[in-house]
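Asks: Got protein00.tsv for you, TSV, N, CA and C atoms:
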chain	number	residue	atom	x	y	z
A	12	MET	N	-30.49	58.91	50.07
A	12	MET	CA	-30.77	57.48	50.07
A	12	MET	C	-31.43	57.14	48.73
A	13	ILE	N	-31.06	56.02	48.19
A	13	ILE	CA	-31.62	55.53	46.94
A	13	ILE	C	-32.60	54.40	47.28
A	14	THR	N	-33.79	54.46	46.70
A	14	THR	CA	-34.79	53.43	46.98
A	14	THR	C	-35.24	52.75	45.69
A	15	ARG	N	-35.65	51.51	45.84
A	15	ARG	CA	-36.20	50.76	44.71
A	15	ARG	C	-37.13	49.69	45.26
A	16	GLU	N	-38.25	49.50	44.60
A	16	GLU	CA	-39.18	48.42	44.94
A	16	GLU	C	-39.12	47.38	43.84
A	17	VAL	N	-38.94	46.12	44.23
A	17	VAL	CA	-38.82	45.02	43.28
A	17	VAL	C	-39.86	43.97	43.62
A	18	HIS	N	-40.51	43.45	42.59
A	18	HIS	CA	-41.49	42.37	42.74
A	18	HIS	C	-40.91	41.12	42.09
A	19	ILE	N	-40.81	40.05	42.88
A	19	ILE	CA	-40.22	38.81	42.39
A	19	ILE	C	-40.86	37.64	43.12
A	20	ARG	N	-41.33	36.65	42.38
A	20	ARG	CA	-41.93	35.44	42.96
A	20	ARG	C	-43.06	35.76	43.93
A	21	ARG	N	-43.95	36.66	43.55
A	21	ARG	CA	-45.06	37.08	44.40
A	21	ARG	C	-44.57	37.66	45.73
A	22	TRP	N	-43.39	38.24	45.71
A	22	TRP	CA	-42.75	38.82	46.89
A	22	TRP	C	-42.38	40.26	46.54
A	23	THR	N	-42.48	41.16	47.50
A	23	THR	CA	-42.08	42.55	47.28
A	23	THR	C	-40.90	42.87	48.17
A	24	VAL	N	-39.86	43.42	47.56
A	24	VAL	CA	-38.66	43.83	48.30
A	24	VAL	C	-38.50	45.33	48.14
A	25	VAL	N	-38.39	46.03	49.26
A	25	VAL	CA	-38.07	47.45	49.25
A	25	VAL	C	-36.59	47.57	49.58
A	26	PHE	N	-35.83	48.08	48.62
A	26	PHE	CA	-34.40	48.29	48.79
A	26	PHE	C	-34.15	49.74	49.20
A	27	LEU	N	-33.34	49.93	50.21
A	27	LEU	CA	-32.93	51.25	50.69
A	27	LEU	C	-31.41	51.26	50.72
A	28	PHE	N	-30.81	52.03	49.84
A	28	PHE	CA	-29.36	52.04	49.68
A	28	PHE	C	-28.76	53.34	50.20
A	29	SER	N	-27.60	53.21	50.84
A	29	SER	CA	-26.77	54.34	51.23
A	29	SER	C	-27.49	55.25	52.24
A	30	PHE	N	-28.15	54.61	53.22
A	30	PHE	CA	-28.85	55.40	54.23
A	30	PHE	C	-27.86	55.98	55.23
A	31	ASP	N	-28.32	57.02	55.91
A	31	ASP	CA	-27.61	57.54	57.07
A	31	ASP	C	-28.64	57.84	58.16
A	32	ALA	N	-28.21	58.38	59.26
A	32	ALA	CA	-29.09	58.60	60.41
A	32	ALA	C	-30.29	59.49	60.06
A	33	ASN	N	-30.16	60.35	59.07
A	33	ASN	CA	-31.26	61.23	58.67
A	33	ASN	C	-32.38	60.51	57.93
A	34	ASP	N	-32.17	59.27	57.56
A	34	ASP	CA	-33.15	58.50	56.78
A	34	ASP	C	-34.04	57.60	57.64
A	35	MET	N	-33.98	57.75	58.95
A	35	MET	CA	-34.71	56.84	59.82
A	35	MET	C	-36.21	56.88	59.59
A	36	GLU	N	-36.78	58.02	59.26
A	36	GLU	CA	-38.23	58.08	59.05
A	36	GLU	C	-38.65	57.18	57.88
A	37	ARG	N	-37.93	57.22	56.78
A	37	ARG	CA	-38.25	56.37	55.62
A	37	ARG	C	-38.03	54.90	55.96
A	38	ILE	N	-36.97	54.60	56.69
A	38	ILE	CA	-36.71	53.22	57.11
A	38	ILE	C	-37.84	52.73	58.01
A	39	TYR	N	-38.26	53.58	58.94
A	39	TYR	CA	-39.37	53.24	59.84
A	39	TYR	C	-40.64	52.93	59.04
A	40	GLU	N	-40.95	53.78	58.08
A	40	GLU	CA	-42.15	53.55	57.23
A	40	GLU	C	-42.08	52.20	56.53
A	41	ALA	N	-40.90	51.84	56.03
A	41	ALA	CA	-40.74	50.56	55.35
A	41	ALA	C	-40.95	49.40	56.31
A	42	LEU	N	-40.41	49.51	57.52
A	42	LEU	CA	-40.57	48.44	58.50
A	42	LEU	C	-42.03	48.31	58.94
A	43	VAL	N	-42.73	49.41	59.07
A	43	VAL	CA	-44.17	49.36	59.39
A	43	VAL	C	-44.92	48.69	58.25
A	44	TRP	N	-44.59	49.03	57.01
A	44	TRP	CA	-45.22	48.41	55.83
A	44	TRP	C	-45.05	46.89	55.86
A	45	ALA	N	-43.87	46.43	56.31
A	45	ALA	CA	-43.59	45.00	56.39
A	45	ALA	C	-44.10	44.37	57.68
A	46	GLU	N	-44.72	45.19	58.54
A	46	GLU	CA	-45.24	44.74	59.83
A	46	GLU	C	-44.16	44.09	60.70
A	47	ALA	N	-43.01	44.75	60.74
A	47	ALA	CA	-41.92	44.29	61.60
A	47	ALA	C	-42.32	44.48	63.06
A	48	PRO	N	-41.94	43.54	63.91
A	48	PRO	CA	-42.26	43.70	65.33
A	48	PRO	C	-41.51	44.88	65.94
A	49	ASP	N	-42.05	45.40	67.04
A	49	ASP	CA	-41.43	46.54	67.71
A	49	ASP	C	-39.98	46.29	68.06
A	50	SER	N	-39.64	45.06	68.44
A	50	SER	CA	-38.26	44.75	68.81
A	50	SER	C	-37.31	44.96	67.64
A	51	VAL	N	-37.75	44.61	66.42
A	51	VAL	CA	-36.92	44.81	65.23
A	51	VAL	C	-36.80	46.30	64.94
A	52	VAL	N	-37.92	47.01	64.99
A	52	VAL	CA	-37.91	48.46	64.72
A	52	VAL	C	-36.98	49.17	65.70
A	53	SER	N	-37.05	48.79	66.96
A	53	SER	CA	-36.22	49.41	67.99
A	53	SER	C	-34.74	49.14	67.73
A	54	GLN	N	-34.39	47.90	67.41
A	54	GLN	CA	-32.99	47.55	67.16
A	54	GLN	C	-32.46	48.27	65.92
A	55	VAL	N	-33.25	48.30	64.86
A	55	VAL	CA	-32.84	48.99	63.64
A	55	VAL	C	-32.67	50.48	63.92
A	56	SER	N	-33.61	51.08	64.63
A	56	SER	CA	-33.54	52.50	64.96
A	56	SER	C	-32.26	52.83	65.73
A	57	GLU	N	-31.93	51.98	66.69
A	57	GLU	CA	-30.71	52.17	67.48
A	57	GLU	C	-29.47	52.10	66.58
A	58	ASN	N	-29.43	51.10	65.71
A	58	ASN	CA	-28.28	50.93	64.82
A	58	ASN	C	-28.16	52.07	63.82
A	59	VAL	N	-29.28	52.47	63.20
A	59	VAL	CA	-29.25	53.54	62.21
A	59	VAL	C	-28.85	54.86	62.86
A	60	SER	N	-29.40	55.13	64.04
A	60	SER	CA	-29.11	56.39	64.73
A	60	SER	C	-27.65	56.51	65.13
A	61	ALA	N	-26.98	55.38	65.32
A	61	ALA	CA	-25.55	55.40	65.68
A	61	ALA	C	-24.70	55.99	64.56
A	62	GLY	N	-25.19	55.88	63.31
A	62	GLY	CA	-24.50	56.51	62.19
A	62	GLY	C	-23.23	55.84	61.72
A	63	TYR	N	-23.05	54.58	62.05
A	63	TYR	CA	-21.84	53.87	61.62
A	63	TYR	C	-21.86	53.60	60.12
A	64	LEU	N	-20.68	53.56	59.52
A	64	LEU	CA	-20.54	53.15	58.13
A	64	LEU	C	-20.65	51.63	58.05
A	65	ASN	N	-20.93	51.12	56.86
A	65	ASN	CA	-20.88	49.68	56.56
A	65	ASN	C	-21.91	48.86	57.34
A	66	GLU	N	-23.05	49.45	57.61
A	66	GLU	CA	-24.12	48.77	58.34
A	66	GLU	C	-25.24	48.38	57.38
A	67	GLY	N	-26.00	47.38	57.74
A	67	GLY	CA	-27.15	47.00	56.93
A	67	GLY	C	-28.04	46.05	57.69
A	68	PHE	N	-29.20	45.80	57.12
A	68	PHE	CA	-30.12	44.83	57.70
A	68	PHE	C	-31.08	44.34	56.62
A	69	CYS	N	-31.70	43.22	56.90
A	69	CYS	CA	-32.70	42.66	56.01
A	69	CYS	C	-33.79	42.06	56.91
A	70	TYR	N	-35.00	42.59	56.80
A	70	TYR	CA	-36.13	42.05	57.56
A	70	TYR	C	-37.17	41.53	56.57
A	71	SER	N	-37.60	40.30	56.76
A	71	SER	CA	-38.64	39.72	55.90
A	71	SER	C	-39.82	39.27	56.73
A	72	ASN	N	-41.01	39.51	56.17
A	72	ASN	CA	-42.24	39.01	56.75
A	72	ASN	C	-42.79	37.97	55.76
A	73	PRO	N	-42.55	36.68	56.02
A	73	PRO	CA	-42.98	35.64	55.08
A	73	PRO	C	-44.49	35.58	54.87
A	74	ARG	N	-45.26	35.90	55.91
A	74	ARG	CA	-46.73	35.87	55.78
A	74	ARG	C	-47.20	36.87	54.72
A	75	LEU	N	-46.61	38.04	54.72
A	75	LEU	CA	-46.97	39.08	53.74
A	75	LEU	C	-46.14	39.02	52.47
A	76	ARG	N	-45.06	38.22	52.50
A	76	ARG	CA	-44.12	38.13	51.38
A	76	ARG	C	-43.54	39.52	51.07
A	77	ARG	N	-43.05	40.15	52.15
A	77	ARG	CA	-42.46	41.48	52.06
A	77	ARG	C	-41.09	41.48	52.75
A	78	THR	N	-40.15	42.20	52.13
A	78	THR	CA	-38.81	42.34	52.69
A	78	THR	C	-38.39	43.80	52.65
A	79	VAL	N	-37.75	44.23	53.72
A	79	VAL	CA	-37.08	45.53	53.76
A	79	VAL	C	-35.58	45.23	53.81
A	80	TYR	N	-34.89	45.72	52.83
A	80	TYR	CA	-33.44	45.52	52.67
A	80	TYR	C	-32.81	46.90	52.74
A	81	ALA	N	-31.83	47.08	53.61
A	81	ALA	CA	-31.20	48.39	53.72
A	81	ALA	C	-29.71	48.26	53.98
A	82	ILE	N	-28.95	49.06	53.29
A	82	ILE	CA	-27.53	49.17	53.58
A	82	ILE	C	-27.20	50.66	53.73
A	83	GLY	N	-26.32	50.93	54.68
A	83	GLY	CA	-25.93	52.30	54.94
A	83	GLY	C	-24.80	52.76	54.04
A	84	LYS	N	-24.38	53.98	54.29
A	84	LYS	CA	-23.22	54.50	53.58
A	84	LYS	C	-22.02	53.62	53.91
A	85	ALA	N	-21.13	53.50	52.94
A	85	ALA	CA	-20.00	52.59	53.10
A	85	ALA	C	-18.68	53.36	53.06
A	86	SER	N	-17.65	52.71	53.56
A	86	SER	CA	-16.33	53.32	53.60
A	86	SER	C	-15.56	53.19	52.28
A	87	SER	N	-16.02	52.30	51.39
A	87	SER	CA	-15.32	52.10	50.11
A	87	SER	C	-16.23	51.36	49.13
A	88	GLY	N	-15.86	51.36	47.87
A	88	GLY	CA	-16.59	50.60	46.86
A	88	GLY	C	-16.65	49.12	47.17
A	89	PRO	N	-15.52	48.50	47.50
A	89	PRO	CA	-15.57	47.08	47.85
A	89	PRO	C	-16.46	46.79	49.06
A	90	GLN	N	-16.48	47.72	50.02
A	90	GLN	CA	-17.34	47.52	51.20
A	90	GLN	C	-18.81	47.62	50.81
A	91	VAL	N	-19.15	48.50	49.86
A	91	VAL	CA	-20.53	48.57	49.36
A	91	VAL	C	-20.92	47.21	48.81
A	92	LEU	N	-20.08	46.66	47.97
A	92	LEU	CA	-20.37	45.38	47.34
A	92	LEU	C	-20.52	44.28	48.40
A	93	ASP	N	-19.65	44.30	49.40
A	93	ASP	CA	-19.73	43.32	50.49
A	93	ASP	C	-21.09	43.40	51.18
A	94	SER	N	-21.53	44.61	51.52
A	94	SER	CA	-22.81	44.78	52.20
A	94	SER	C	-23.98	44.36	51.32
A	95	ILE	N	-23.93	44.72	50.05
A	95	ILE	CA	-25.00	44.35	49.12
A	95	ILE	C	-25.14	42.84	49.02
A	96	VAL	N	-24.03	42.16	48.81
A	96	VAL	CA	-24.07	40.70	48.69
A	96	VAL	C	-24.54	40.06	49.99
A	97	HIS	N	-24.03	40.53	51.10
A	97	HIS	CA	-24.41	39.97	52.40
A	97	HIS	C	-25.92	40.01	52.60
A	98	GLU	N	-26.52	41.17	52.35
A	98	GLU	CA	-27.96	41.31	52.58
A	98	GLU	C	-28.79	40.61	51.49
A	99	ILE	N	-28.29	40.57	50.26
A	99	ILE	CA	-28.99	39.83	49.19
A	99	ILE	C	-29.09	38.36	49.56
A	100	ILE	N	-28.04	37.82	50.15
A	100	ILE	CA	-28.08	36.41	50.55
A	100	ILE	C	-29.20	36.17	51.55
A	101	HIS	N	-29.42	37.12	52.46
A	101	HIS	CA	-30.53	36.96	53.40
A	101	HIS	C	-31.88	36.93	52.68
A	102	ILE	N	-32.06	37.79	51.69
A	102	ILE	CA	-33.32	37.77	50.93
A	102	ILE	C	-33.50	36.42	50.26
A	103	ILE	N	-32.46	35.94	49.63
A	103	ILE	CA	-32.52	34.64	48.94
A	103	ILE	C	-32.88	33.54	49.93
A	104	GLN	N	-32.28	33.58	51.11
A	104	GLN	CA	-32.60	32.59	52.14
A	104	GLN	C	-34.06	32.67	52.55
A	105	HIS	N	-34.57	33.87	52.76
A	105	HIS	CA	-35.95	34.05	53.21
A	105	HIS	C	-36.94	33.56	52.16
A	106	ILE	N	-36.75	34.00	50.92
A	106	ILE	CA	-37.67	33.58	49.85
A	106	ILE	C	-37.50	32.09	49.57
A	107	GLY	N	-36.28	31.63	49.50
A	107	GLY	CA	-36.02	30.21	49.22
A	107	GLY	C	-36.65	29.30	50.25
A	108	GLU	N	-36.51	29.65	51.51
A	108	GLU	CA	-37.12	28.83	52.57
A	108	GLU	C	-38.64	28.83	52.45
A	109	GLU	N	-39.22	29.99	52.25
A	109	GLU	CA	-40.69	30.09	52.15
A	109	GLU	C	-41.22	29.33	50.95
A	110	ASP	N	-40.49	29.35	49.85
A	110	ASP	CA	-40.93	28.69	48.61
A	110	ASP	C	-40.42	27.26	48.48
A	111	GLY	N	-39.74	26.75	49.50
A	111	GLY	CA	-39.29	25.37	49.49
A	111	GLY	C	-38.21	25.07	48.46
A	112	MET	N	-37.34	26.02	48.20
A	112	MET	CA	-36.27	25.82	47.22
A	112	MET	C	-35.12	25.02	47.82
A	113	ASP	N	-34.51	24.20	46.99
A	113	ASP	CA	-33.30	23.48	47.37
A	113	ASP	C	-32.19	24.52	47.51
A	114	PRO	N	-31.56	24.64	48.71
A	114	PRO	CA	-30.54	25.66	48.89
A	114	PRO	C	-29.31	25.48	48.01
A	115	TYR	N	-29.17	24.30	47.39
A	115	TYR	CA	-28.03	24.03	46.50
A	115	TYR	C	-28.45	23.93	45.04
A	116	GLY	N	-29.71	24.26	44.77
A	116	GLY	CA	-30.25	24.07	43.43
A	116	GLY	C	-30.14	25.29	42.53
A	117	GLU	N	-30.48	25.07	41.30
A	117	GLU	CA	-30.42	26.13	40.29
A	117	GLU	C	-31.48	27.20	40.52
A	118	GLU	N	-32.65	26.79	41.00
A	118	GLU	CA	-33.74	27.76	41.18
A	118	GLU	C	-33.33	28.88	42.13
A	119	ILE	N	-32.68	28.53	43.23
A	119	ILE	CA	-32.27	29.55	44.19
A	119	ILE	C	-31.12	30.39	43.63
A	120	ALA	N	-30.26	29.78	42.82
A	120	ALA	CA	-29.18	30.53	42.18
A	120	ALA	C	-29.75	31.55	41.18
A	121	TYR	N	-30.77	31.13	40.41
A	121	TYR	CA	-31.42	32.08	39.49
A	121	TYR	C	-32.11	33.21	40.24
A	122	LEU	N	-32.69	32.91	41.40
A	122	LEU	CA	-33.32	33.95	42.21
A	122	LEU	C	-32.29	35.02	42.56
A	123	GLY	N	-31.10	34.59	42.99
A	123	GLY	CA	-30.04	35.53	43.31
A	123	GLY	C	-29.64	36.38	42.11
A	124	GLY	N	-29.53	35.75	40.97
A	124	GLY	CA	-29.19	36.49	39.76
A	124	GLY	C	-30.28	37.47	39.37
A	125	ASN	N	-31.53	37.05	39.47
A	125	ASN	CA	-32.65	37.94	39.12
A	125	ASN	C	-32.71	39.15	40.05
A	126	LEU	N	-32.53	38.92	41.35
A	126	LEU	CA	-32.52	40.05	42.29
A	126	LEU	C	-31.36	40.99	41.99
A	127	SER	N	-30.19	40.43	41.74
A	127	SER	CA	-29.01	41.24	41.45
A	127	SER	C	-29.20	42.08	40.20
A	128	ARG	N	-29.80	41.50	39.19
A	128	ARG	CA	-30.04	42.23	37.95
A	128	ARG	C	-30.97	43.43	38.19
A	129	GLU	N	-31.94	43.27	39.07
A	129	GLU	CA	-32.90	44.34	39.36
A	129	GLU	C	-32.25	45.57	40.00
A	130	ILE	N	-31.11	45.37	40.64
A	130	ILE	CA	-30.45	46.49	41.33
A	130	ILE	C	-29.06	46.78	40.77
A	131	SER	N	-28.71	46.17	39.65
A	131	SER	CA	-27.34	46.28	39.13
A	131	SER	C	-26.91	47.72	38.85
A	132	ASP	N	-27.83	48.55	38.38
A	132	ASP	CA	-27.47	49.94	38.11
A	132	ASP	C	-27.09	50.68	39.40
A	133	ILE	N	-27.79	50.39	40.47
A	133	ILE	CA	-27.48	51.02	41.75
A	133	ILE	C	-26.16	50.49	42.30
A	134	VAL	N	-25.96	49.19	42.17
A	134	VAL	CA	-24.71	48.58	42.62
A	134	VAL	C	-23.53	49.24	41.91
A	135	CYS	N	-23.64	49.41	40.61
A	135	CYS	CA	-22.56	50.06	39.84
A	135	CYS	C	-22.31	51.48	40.32
A	136	GLU	N	-23.39	52.22	40.51
A	136	GLU	CA	-23.25	53.61	40.93
A	136	GLU	C	-22.59	53.73	42.30
A	137	LEU	N	-22.97	52.87	43.23
A	137	LEU	CA	-22.44	52.98	44.59
A	137	LEU	C	-21.06	52.37	44.77
A	138	SER	N	-20.72	51.38	43.98
A	138	SER	CA	-19.45	50.68	44.20
A	138	SER	C	-18.31	51.16	43.31
A	139	CYS	N	-18.60	51.87	42.24
A	139	CYS	CA	-17.58	52.30	41.31
A	139	CYS	C	-17.21	53.77	41.58
A	140	PRO	N	-15.95	54.04	41.87
A	140	PRO	CA	-15.56	55.44	42.16
A	140	PRO	C	-15.74	56.36	40.96
A	141	HIS	N	-15.75	55.82	39.75
A	141	HIS	CA	-15.93	56.65	38.56
A	141	HIS	C	-17.39	56.98	38.33
A	142	CYS	N	-18.29	56.13	38.82
A	142	CYS	CA	-19.73	56.32	38.61
A	142	CYS	C	-20.41	57.01	39.77
A	143	SER	N	-19.83	56.91	40.95
A	143	SER	CA	-20.46	57.42	42.15
A	143	SER	C	-20.64	58.92	42.09
A	144	GLN	N	-21.77	59.36	42.60
A	144	GLN	CA	-22.03	60.79	42.67
A	144	GLN	C	-21.62	61.36	44.02
A	145	GLU	N	-21.04	60.52	44.85
A	145	GLU	CA	-20.58	60.99	46.17
A	145	GLU	C	-19.36	61.88	45.98
A	146	ASP	N	-19.13	62.77	46.90
A	146	ASP	CA	-17.94	63.66	46.86
A	146	ASP	C	-16.71	62.89	47.27
Could you write out this file's structure as C-alpha cells?
Replies:
Amino acid sequence: MITREVHIRRWTVVFLFSFDANDMERIYEALVWAEAPDSVVSQVSENVSAGYLNEGFCYSNPRLRRTVYAIGKASSGPQVLDSIVHEIIHIIQHIGEEDGMDPYGEEIAYLGGNLSREISDIVCELSCPHCSQED
C-alpha cells in the first residue's frame, strides 16, 4: 500500500492507495485518527476484508478537518484512474461544503487541481502499465 499525507486549506488528507485485505490495520488506524464512528469503521472493515478489486472510500470529519481517502487494488490502469477521480471528488465536496465554496466556482476547481497535483506521481505509477511496479 502506498500512503501520503497532504495538508491543504487547514485540512489534512491521508491517502491510502492500492490497499488489499492485509492493509486493514493501517486503514483502521487512519479511521481512528479521523475519529470515524464505529458504523463507518465496521462497514469499511467488511468491504476491505472482502478483498474485491476496484473498491474505495472517503471518510471526512469536518470538525477535525481530517479525511481518510483509500482506494484498493484495481483491475486496470483506467480503473485506477476512475477510482482516484471518484474519491477525489468526495474530498472536494467535503472541503468545499465546509469552507462555503461555490460548487461551480473557480476556487473549488483549483482545490481539485491542487489535490491532484499532490498525488500525481502516485497516480502515474498506479495507472500507467509502463510505470507500475506491479507484476
Asks: Would you mind reading off the distance between CA of Ile100 in chain A and CA of Thr78 in chain A, one decimal, in Å?
Replies: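 For CA of Ile100 in chain A relative to CA of Thr78 in chain A, the distance reads 12.4 Å.
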Asks: For the structure I just gave you, how does DSSP split range 38-124 of chain A - specifically, which residues are strand (DSSP E)? Reply as a PyMOL selection string.
Replies: chain A and resi 67-72+77-83
Asks: Please provide as an mmCIF file with N, CA and C atoms, in the frame of the given file all residues within 6.5 Å of range 49-65 of chain A, with the sequence filter that same-chain residues fewer than 4 positions apart are discarded (counting only N, CA and C atoms).
Replies:
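Output file around_28.cif follows:
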data_model
loop_
_atom_site.group_PDB
_atom_site.id
_atom_site.type_symbol
_atom_site.label_atom_id
_atom_site.label_comp_id
_atom_site.auth_asym_id
_atom_site.auth_seq_id
_atom_site.Cartn_x
_atom_site.Cartn_y
_atom_site.Cartn_z
ATOM 1 N N ASP A 31 -28.320 57.020 55.910
ATOM 2 C CA ASP A 31 -27.610 57.540 57.070
ATOM 3 C C ASP A 31 -28.640 57.840 58.160
ATOM 4 N N ALA A 32 -28.210 58.380 59.260
ATOM 5 C CA ALA A 32 -29.090 58.600 60.410
ATOM 6 C C ALA A 32 -30.290 59.490 60.060
ATOM 7 N N GLY A 83 -26.320 50.930 54.680
ATOM 8 C CA GLY A 83 -25.930 52.300 54.940
ATOM 9 C C GLY A 83 -24.800 52.760 54.040
ATOM 10 N N LYS A 84 -24.380 53.980 54.290
ATOM 11 C CA LYS A 84 -23.220 54.500 53.580
ATOM 12 C C LYS A 84 -22.020 53.620 53.910
ATOM 13 N N ALA A 85 -21.130 53.500 52.940
ATOM 14 C CA ALA A 85 -20.000 52.590 53.100
ATOM 15 C C ALA A 85 -18.680 53.360 53.060
ATOM 16 N N SER A 86 -17.650 52.710 53.560
ATOM 17 C CA SER A 86 -16.330 53.320 53.600
ATOM 18 C C SER A 86 -15.560 53.190 52.280
ATOM 19 N N GLN A 90 -16.480 47.720 50.020
ATOM 20 C CA GLN A 90 -17.340 47.520 51.200
ATOM 21 C C GLN A 90 -18.810 47.620 50.810
#
Asks: Please write as a list of chain:residue names the list of polymer residues whose atoms come within 6.5 Å of (-34.7, 47.7, 54.6), counting all atoms listed in the file and keeping to the coordinates of the file.
Replies: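 Every residue inside that radius is included here: A:Val25, A:Phe26, A:Leu27, A:Ile38, A:Phe68, A:Cys69, A:Tyr70, A:Thr78, A:Val79, A:Tyr80, A:Ala81, A:Ile82.
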Asks: With a distance cut-off of 7 Å and only N, CA and C atoms, select the neighbouring residues of Thr23 in chain A, excluding the residue or stretch itself and same-chain residues fewer than 6 positions from it, and output the selection as a list in words.
Replies: Glu16, Val17, Leu75, Arg76, Arg77, Thr78 and Val79 of chain A
Asks: From the set A:Gly124, A:Gly67, A:Gly111, A:Gly116, which residue has the shortest atom-to-atom contact distance to Val91 in chain A, counting only C-alpha atoms?
Replies: A:Gly67
Asks: So how far away is atom N of Ile130 in chain A from atom N of Ile103 in chain A, in Å?
Replies: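 Straight-line distance from atom N of Ile103 in chain A to atom N of Ile130 in chain A works out to 13.1 Å.
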Asks: Return the padded bounding box of range 55-63 of chain A as lines of an AutoDock Vina configuration file: axis-aligned, built from all atoms listed in the file, 6 Å added on each side, with centre and edge lengths in Å to one decimal.
Replies:
center_x = -27.7
center_y = 52.4
center_z = 63.8
size_x = 23.8
size_y = 20.2
size_z = 19.4
Asks: Considering only C-alpha atoms, state which residue in the set A:Ser87, A:Asn125, A:Tyr115, A:Glu36 is at the smallest distance from Cys139 in chain A.
Replies: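 When distances to Cys139 in chain A are compared using only C-alpha atoms, the smallest one comes from A:Ser87.
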Asks: Using only C-alpha atoms, pick whichever of A:Gly107, A:Glu118, A:Arg74, A:Pro89 has the shortest atom-to-atom distance to Cys135 in chain A.
Replies: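 For Cys135 in chain A, the nearest of the given residues is A:Pro89.
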Asks: Within 5 Å of (-33.4, 53.0, 46.9) (file coordinates; all atoms listed in the file), which protein or nucleic acid residues are there? I'd like them as a list in words.
Replies: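 Result, sorted by chain then residue number: Met12, Ile13, Thr14, Arg15, Phe26, Leu27 and Phe28 of chain A.
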Asks: For the selection you just gave me, I'd like the residues written to a file as a compact mmCIF listing (two decimals), keeping the file's coordinate frame, keeping N, CA and C atoms.
Replies:
# COMPACT_ATOMS: atom_id res chain seq x y z
N MET A 12 -30.49 58.91 50.07
CA MET A 12 -30.77 57.48 50.07
C MET A 12 -31.43 57.14 48.73
N ILE A 13 -31.06 56.02 48.19
CA ILE A 13 -31.62 55.53 46.94
C ILE A 13 -32.60 54.40 47.28
N THR A 14 -33.79 54.46 46.70
CA THR A 14 -34.79 53.43 46.98
C THR A 14 -35.24 52.75 45.69
N ARG A 15 -35.65 51.51 45.84
CA ARG A 15 -36.20 50.76 44.71
C ARG A 15 -37.13 49.69 45.26
N PHE A 26 -35.83 48.08 48.62
CA PHE A 26 -34.40 48.29 48.79
C PHE A 26 -34.15 49.74 49.20
N LEU A 27 -33.34 49.93 50.21
CA LEU A 27 -32.93 51.25 50.69
C LEU A 27 -31.41 51.26 50.72
N PHE A 28 -30.81 52.03 49.84
CA PHE A 28 -29.36 52.04 49.68
C PHE A 28 -28.76 53.34 50.20
Asks: Hey, can you check how far atom C of Asp110 in chain A sits from CA of Ser127 in chain A?
Replies: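 These two atoms are separated by 19.4 Å.
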Asks: Nearest to Ser138 in chain A among A:Glu46, A:Arg21, A:Ile119, A:Leu92, with distances taken over only N, CA and C atoms: which residue is it?
Replies: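 With only N, CA and C atoms as the atom set, the closest residue is A:Leu92.
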